[in-house]
Each structure stands twice: as C-alpha cells, then as structure tokens.
Amino acid sequence: MSYAFDPELAHVVPMINDLPFTDIAAARAAEKEMTAHLPVYEPARPVDVRDTLVPGPEGAPQVPVRIYTPTGAEATDTGLPGLVYLHGGGYVLGSPDFCHSDLLRIADQVGAVVVSVDYRLAPEHPFPAGLEDSYAALVWTAGHTAELGIDPARLAVGGDSAGGGLATAVALLARDRGGPALRMQYLGIPMLDDRLETPSMRAFTETPVWNRPIAEICWNHYLGGEDHYAGPDLSVYAAPARAADLSGLPPAFVYVCEFDPLRDEGMIYAQRLVQAGVTTEFHLYPGTFHGSVGLTDTAISQTMLSDVTHGLRRGLRARSGIE
C-alpha cells in the first residue's frame, strides 16, 4: 500500500528501521542504542534535572522518576504548572532516557515542572502494573507540590503513544478514585483500544514505526496473553476506548497522525470527550506517520512541536517567557 506522506517525511521513510517487536529483548537493546545517538535539546535557560524514587502502589517497588525544573520561568505565588509525563513504547519499551530531550523542551518552552515516570513494562509486568505506577507517581507529585515548586491548581498528566494511553487511564482513575485534581490531560497519538477494529488500524499494516502487527504484539504483552480480544469485561483502565462515561474529565489536548493505525481511536476519543462536555483541542496532521513529531528538521514536525507547546501553555495557563 502506498501512502501520501508529506514530501519531507517521505525522504526519511526508507531510512527508518522498525524495532524488532517480535523479540522484546532485541527491541530494547536497539532502542537503547538509538537513544544513545539522539540529539539533546539545548534549553534557552538552565533546567535542573534530578532522578529520585517515589512510593509505588501498595506492595510494589518504588517508582523511579526524573524531575525537570526550569529556572527563571515565570511563576505565580503558588508555583509553576506541573506535568506528570508517561513515555511511549507500546507498554513494552521506553524509558525517561528516550524522551529526555522532549521533556527538556517542555520544561524550557512551557515553563513547567515535568515529572517523568519510569513505570514497569510488560511482558514482565502486564496491566495494571505500569498504570498503577503512573497513578502512584501522580499522587506523589500532587502531595509534594510545595517541595517541587508546582502550583497545585495547574497539575496535568500527559504522554505520547502508549504513554498517551496511560495518561488517559490515569485521568479516568483520578476521577473515579477521587484522586488529584487535574488541570488538563495531554494525549499525543494515544494508544487506547485493544480491539483493533478501527478503519485505520485495519488498513495500516505496514506503516513505518507503528503498524497493526506491532500493535497486536504489544497489546498481547500488556494484557497478559492472546485471549483478551474476546473479553468484553476488560477493564476500561486497560483500554480507555472502552470507557462508556467520559464526563467529568479534565480538558484535553489530543493529536493524531494521518497514516498511523492509532489515528481513529484518538480521533474517536477526542470526539467523545467533546460530546461528554469536556473541553478538547484536537489536531490531525496530514501526511504524517507515528512519531513524525520527532523528525524536527521538517516543517510539519516543527508545526506539531509548536502546537504541542502552545497547547500545553494554554491548558496550563503557563507563560514561559519564550515566544
């Protein structure tokens, strides 16, 4: 199948080597090697970065987090906005190292304290381990806003890809458990629906970076086996697209890519948020594929980055001082 990729992106596609998701150990090794060669964003002003451990779910290990604190950002008397961020990787890959440059950019350009969560991964730790780690990190952040310099009224959760799916589920958990109040949820190309029935998921079987065969592998690992598709009783916190009630959730920023299997589930979820009375900003980027935002030397990727930055500023009512 041919795809009408953005011309700048089309030149890059032949150079993309998909990670070997059929061998998770090999995929993790390849990701680690790729991460070591990623360019690192240079902040316009210093960003303090520190690693620490926070309490995990009851009976589980502590959760590693990486905290980004911008210096010189314009704060209110009650502090800076805060973002609890969950990395992507199909629930089986990923780490704070992989998204380090992205979070330096957010801390710098949005002027927000970012807490990056190193949640447990499948298949060793299937659902709900990663989700409960993520929620525990949110609860810890909300309980330490003064120490972190965060305005408790401007706390958000967000993530990309599988991290976007986790952020969606964390927002649902916070609502349903009476947990921390959230100012917004940032959902970048979110992975939301285990049923794999949308038109984009059915059509895009060979798209770069992410496609239906990869999605099948990752959902199987995350949900602990191959029998979950027939199960109508799967928890909505595992696959938030199954949630019937989206009322009472925080305002959302959602974006998707045209040639991404995840396109339709993100688009449908954004529409359902609006229908449930949730203020939602939605973007669909033509000619793009999963992860296009990372190709920062292209015009469309720069547009995507700018939209995310300004969307976070608006959602958090943040002013970075960088215009």
# chains A, B, ... in the order shown; residues from 1 in each chain; ligands from 1
call {"tool": "residues_around", "arguments": {"residues": "stretch 241-253 of chain A", "least_positions_apart": "2", "cutoff": "8 Å", "atoms": "only C-alpha atoms", "output": "number ranges by chain"}}
result
A: 171-172, 175, 182-188, 192-193, 235-237, 239, 255, 265, 269-270, 272-273, 276-282, 311-312, 315
call {"tool": "write_last_selection", "arguments": {"atoms": "N, CA and C atoms", "output": "tab-separated table (two decimals), in the first residue's frame"}}
result
chain	number	residue	atom	x	y	z
A	171	ALA	N	-6.10	9.74	34.05
A	171	ALA	CA	-7.15	10.75	34.22
A	171	ALA	C	-8.47	10.11	34.63
A	172	LEU	N	-8.79	8.96	34.06
A	172	LEU	CA	-10.01	8.24	34.45
A	172	LEU	C	-9.90	7.78	35.91
A	175	ARG	N	-10.34	10.63	38.37
A	175	ARG	CA	-11.76	10.97	38.51
A	175	ARG	C	-12.49	9.94	39.37
A	182	LEU	N	-6.95	17.49	38.20
A	182	LEU	CA	-6.09	17.73	37.05
A	182	LEU	C	-6.59	18.93	36.26
A	183	ARG	N	-5.64	19.78	35.86
A	183	ARG	CA	-5.98	20.95	35.06
A	183	ARG	C	-6.21	20.56	33.60
A	184	MET	N	-5.44	19.53	33.12
A	184	MET	CA	-5.62	19.09	31.74
A	184	MET	C	-5.01	17.71	31.57
A	185	GLN	N	-5.32	17.10	30.43
A	185	GLN	CA	-4.67	15.86	30.02
A	185	GLN	C	-4.13	16.05	28.60
A	186	TYR	N	-2.84	15.72	28.43
A	186	TYR	CA	-2.20	15.81	27.12
A	186	TYR	C	-2.09	14.41	26.55
A	187	LEU	N	-2.73	14.16	25.41
A	187	LEU	CA	-2.81	12.83	24.82
A	187	LEU	C	-2.24	12.87	23.41
A	188	GLY	N	-0.96	12.55	23.28
A	188	GLY	CA	-0.31	12.55	21.97
A	188	GLY	C	-0.38	11.17	21.34
A	192	LEU	N	-5.22	3.47	22.72
A	192	LEU	CA	-6.39	3.42	23.58
A	192	LEU	C	-7.27	2.18	23.44
A	193	ASP	N	-7.17	1.47	22.32
A	193	ASP	CA	-8.19	0.46	22.01
A	193	ASP	C	-7.57	-0.87	21.64
A	235	SER	N	-11.00	-4.28	31.70
A	235	SER	CA	-11.06	-3.01	32.42
A	235	SER	C	-10.90	-1.83	31.47
A	236	VAL	N	-11.72	-0.81	31.70
A	236	VAL	CA	-11.61	0.41	30.89
A	236	VAL	C	-10.30	1.13	31.19
A	237	TYR	N	-9.66	0.84	32.31
A	237	TYR	CA	-8.39	1.46	32.63
A	237	TYR	C	-7.25	0.80	31.84
A	239	ALA	N	-7.85	-0.33	28.57
A	239	ALA	CA	-8.12	0.16	27.22
A	239	ALA	C	-9.18	1.25	27.32
A	255	TYR	N	-3.69	14.88	19.76
A	255	TYR	CA	-3.30	14.95	18.36
A	255	TYR	C	-3.04	13.55	17.81
A	265	GLU	N	-8.66	5.78	16.76
A	265	GLU	CA	-9.04	5.66	18.17
A	265	GLU	C	-8.81	6.97	18.91
A	269	TYR	N	-11.92	9.18	20.40
A	269	TYR	CA	-11.91	9.53	21.82
A	269	TYR	C	-12.05	11.03	22.00
A	270	ALA	N	-11.35	11.80	21.17
A	270	ALA	CA	-11.47	13.26	21.25
A	270	ALA	C	-12.91	13.70	20.99
A	272	ARG	N	-15.62	11.97	21.47
A	272	ARG	CA	-16.45	11.55	22.60
A	272	ARG	C	-16.23	12.45	23.82
A	273	LEU	N	-14.99	12.93	24.01
A	273	LEU	CA	-14.75	13.88	25.09
A	273	LEU	C	-15.59	15.14	24.88
A	276	ALA	N	-19.10	14.62	25.66
A	276	ALA	CA	-19.33	14.48	27.10
A	276	ALA	C	-19.18	15.80	27.84
A	277	GLY	N	-18.94	16.87	27.09
A	277	GLY	CA	-18.84	18.19	27.71
A	277	GLY	C	-17.45	18.54	28.18
A	278	VAL	N	-16.43	17.81	27.70
A	278	VAL	CA	-15.04	18.06	28.09
A	278	VAL	C	-14.39	18.96	27.04
A	279	THR	N	-13.88	20.10	27.46
A	279	THR	CA	-13.19	21.00	26.54
A	279	THR	C	-11.99	20.27	25.94
A	280	THR	N	-11.94	20.23	24.60
A	280	THR	CA	-10.92	19.43	23.93
A	280	THR	C	-10.37	20.16	22.72
A	281	GLU	N	-9.05	20.22	22.63
A	281	GLU	CA	-8.36	20.72	21.44
A	281	GLU	C	-7.82	19.52	20.69
A	282	PHE	N	-8.12	19.45	19.38
A	282	PHE	CA	-7.76	18.27	18.60
A	282	PHE	C	-7.03	18.67	17.33
A	311	GLY	N	-0.33	24.36	23.06
A	311	GLY	CA	-1.47	23.69	23.67
A	311	GLY	C	-1.26	23.47	25.16
A	312	LEU	N	-0.04	23.07	25.54
A	312	LEU	CA	0.26	22.90	26.96
A	312	LEU	C	0.24	24.23	27.69
A	315	GLY	N	-3.44	25.13	28.09
A	315	GLY	CA	-4.12	24.25	29.02
A	315	GLY	C	-3.70	24.47	30.46
call {"tool": "residues_around", "arguments": {"residues": "A:Pro61", "least_positions_apart": "4", "cutoff": "12 Å", "atoms": "only C-alpha atoms", "output": "PyMOL selection string"}}
result
chain A and resi 53-57+118-120+125+129-130+132-133+136
call {"tool": "write_last_selection", "arguments": {"atoms": "C-alpha atoms", "output": "tab-separated table (two decimals), in the first residue's frame"}}
result
chain	number	residue	atom	x	y	z
A	53	LEU	CA	12.39	7.27	43.78
A	54	VAL	CA	8.80	7.74	44.92
A	55	PRO	CA	6.43	5.35	46.71
A	56	GLY	CA	4.87	2.80	44.40
A	57	PRO	CA	1.48	1.08	44.61
A	118	ASP	CA	9.80	5.12	34.68
A	119	TYR	CA	6.85	2.75	35.07
A	120	ARG	CA	7.15	-1.03	34.95
A	125	HIS	CA	4.77	-6.62	34.37
A	129	ALA	CA	1.47	-2.61	36.94
A	130	GLY	CA	2.51	0.26	34.64
A	132	GLU	CA	-0.63	1.81	38.96
A	133	ASP	CA	2.99	3.03	38.94
A	136	ALA	CA	1.22	6.46	42.24
call {"tool": "closest_atom_pairs", "arguments": {"of": "stretch 260-289 of chain A", "to": "stretch 205-217 of chain A", "cutoff": "7 Å", "atoms": "only C-alpha atoms", "output": "CSV"}}
result
residue,atom,partner,partner_atom,distance
A:Asp260,CA,A:Trp210,CA,6.9
A:Pro261,CA,A:Asn211,CA,5.8
A:Phe289,CA,A:Pro208,CA,6.9
call {"tool": "closest_residue", "arguments": {"among": "A:Met191, A:Leu121, A:Leu155, A:Leu223", "to": "A:Val254", "atoms": "only C-alpha atoms"}}
result
A:Met191
call {"tool": "atom_distance", "arguments": {"atom1": "atom CA of A:Gly291", "atom2": "atom CA of A:Thr309"}}
result
16.2 Å
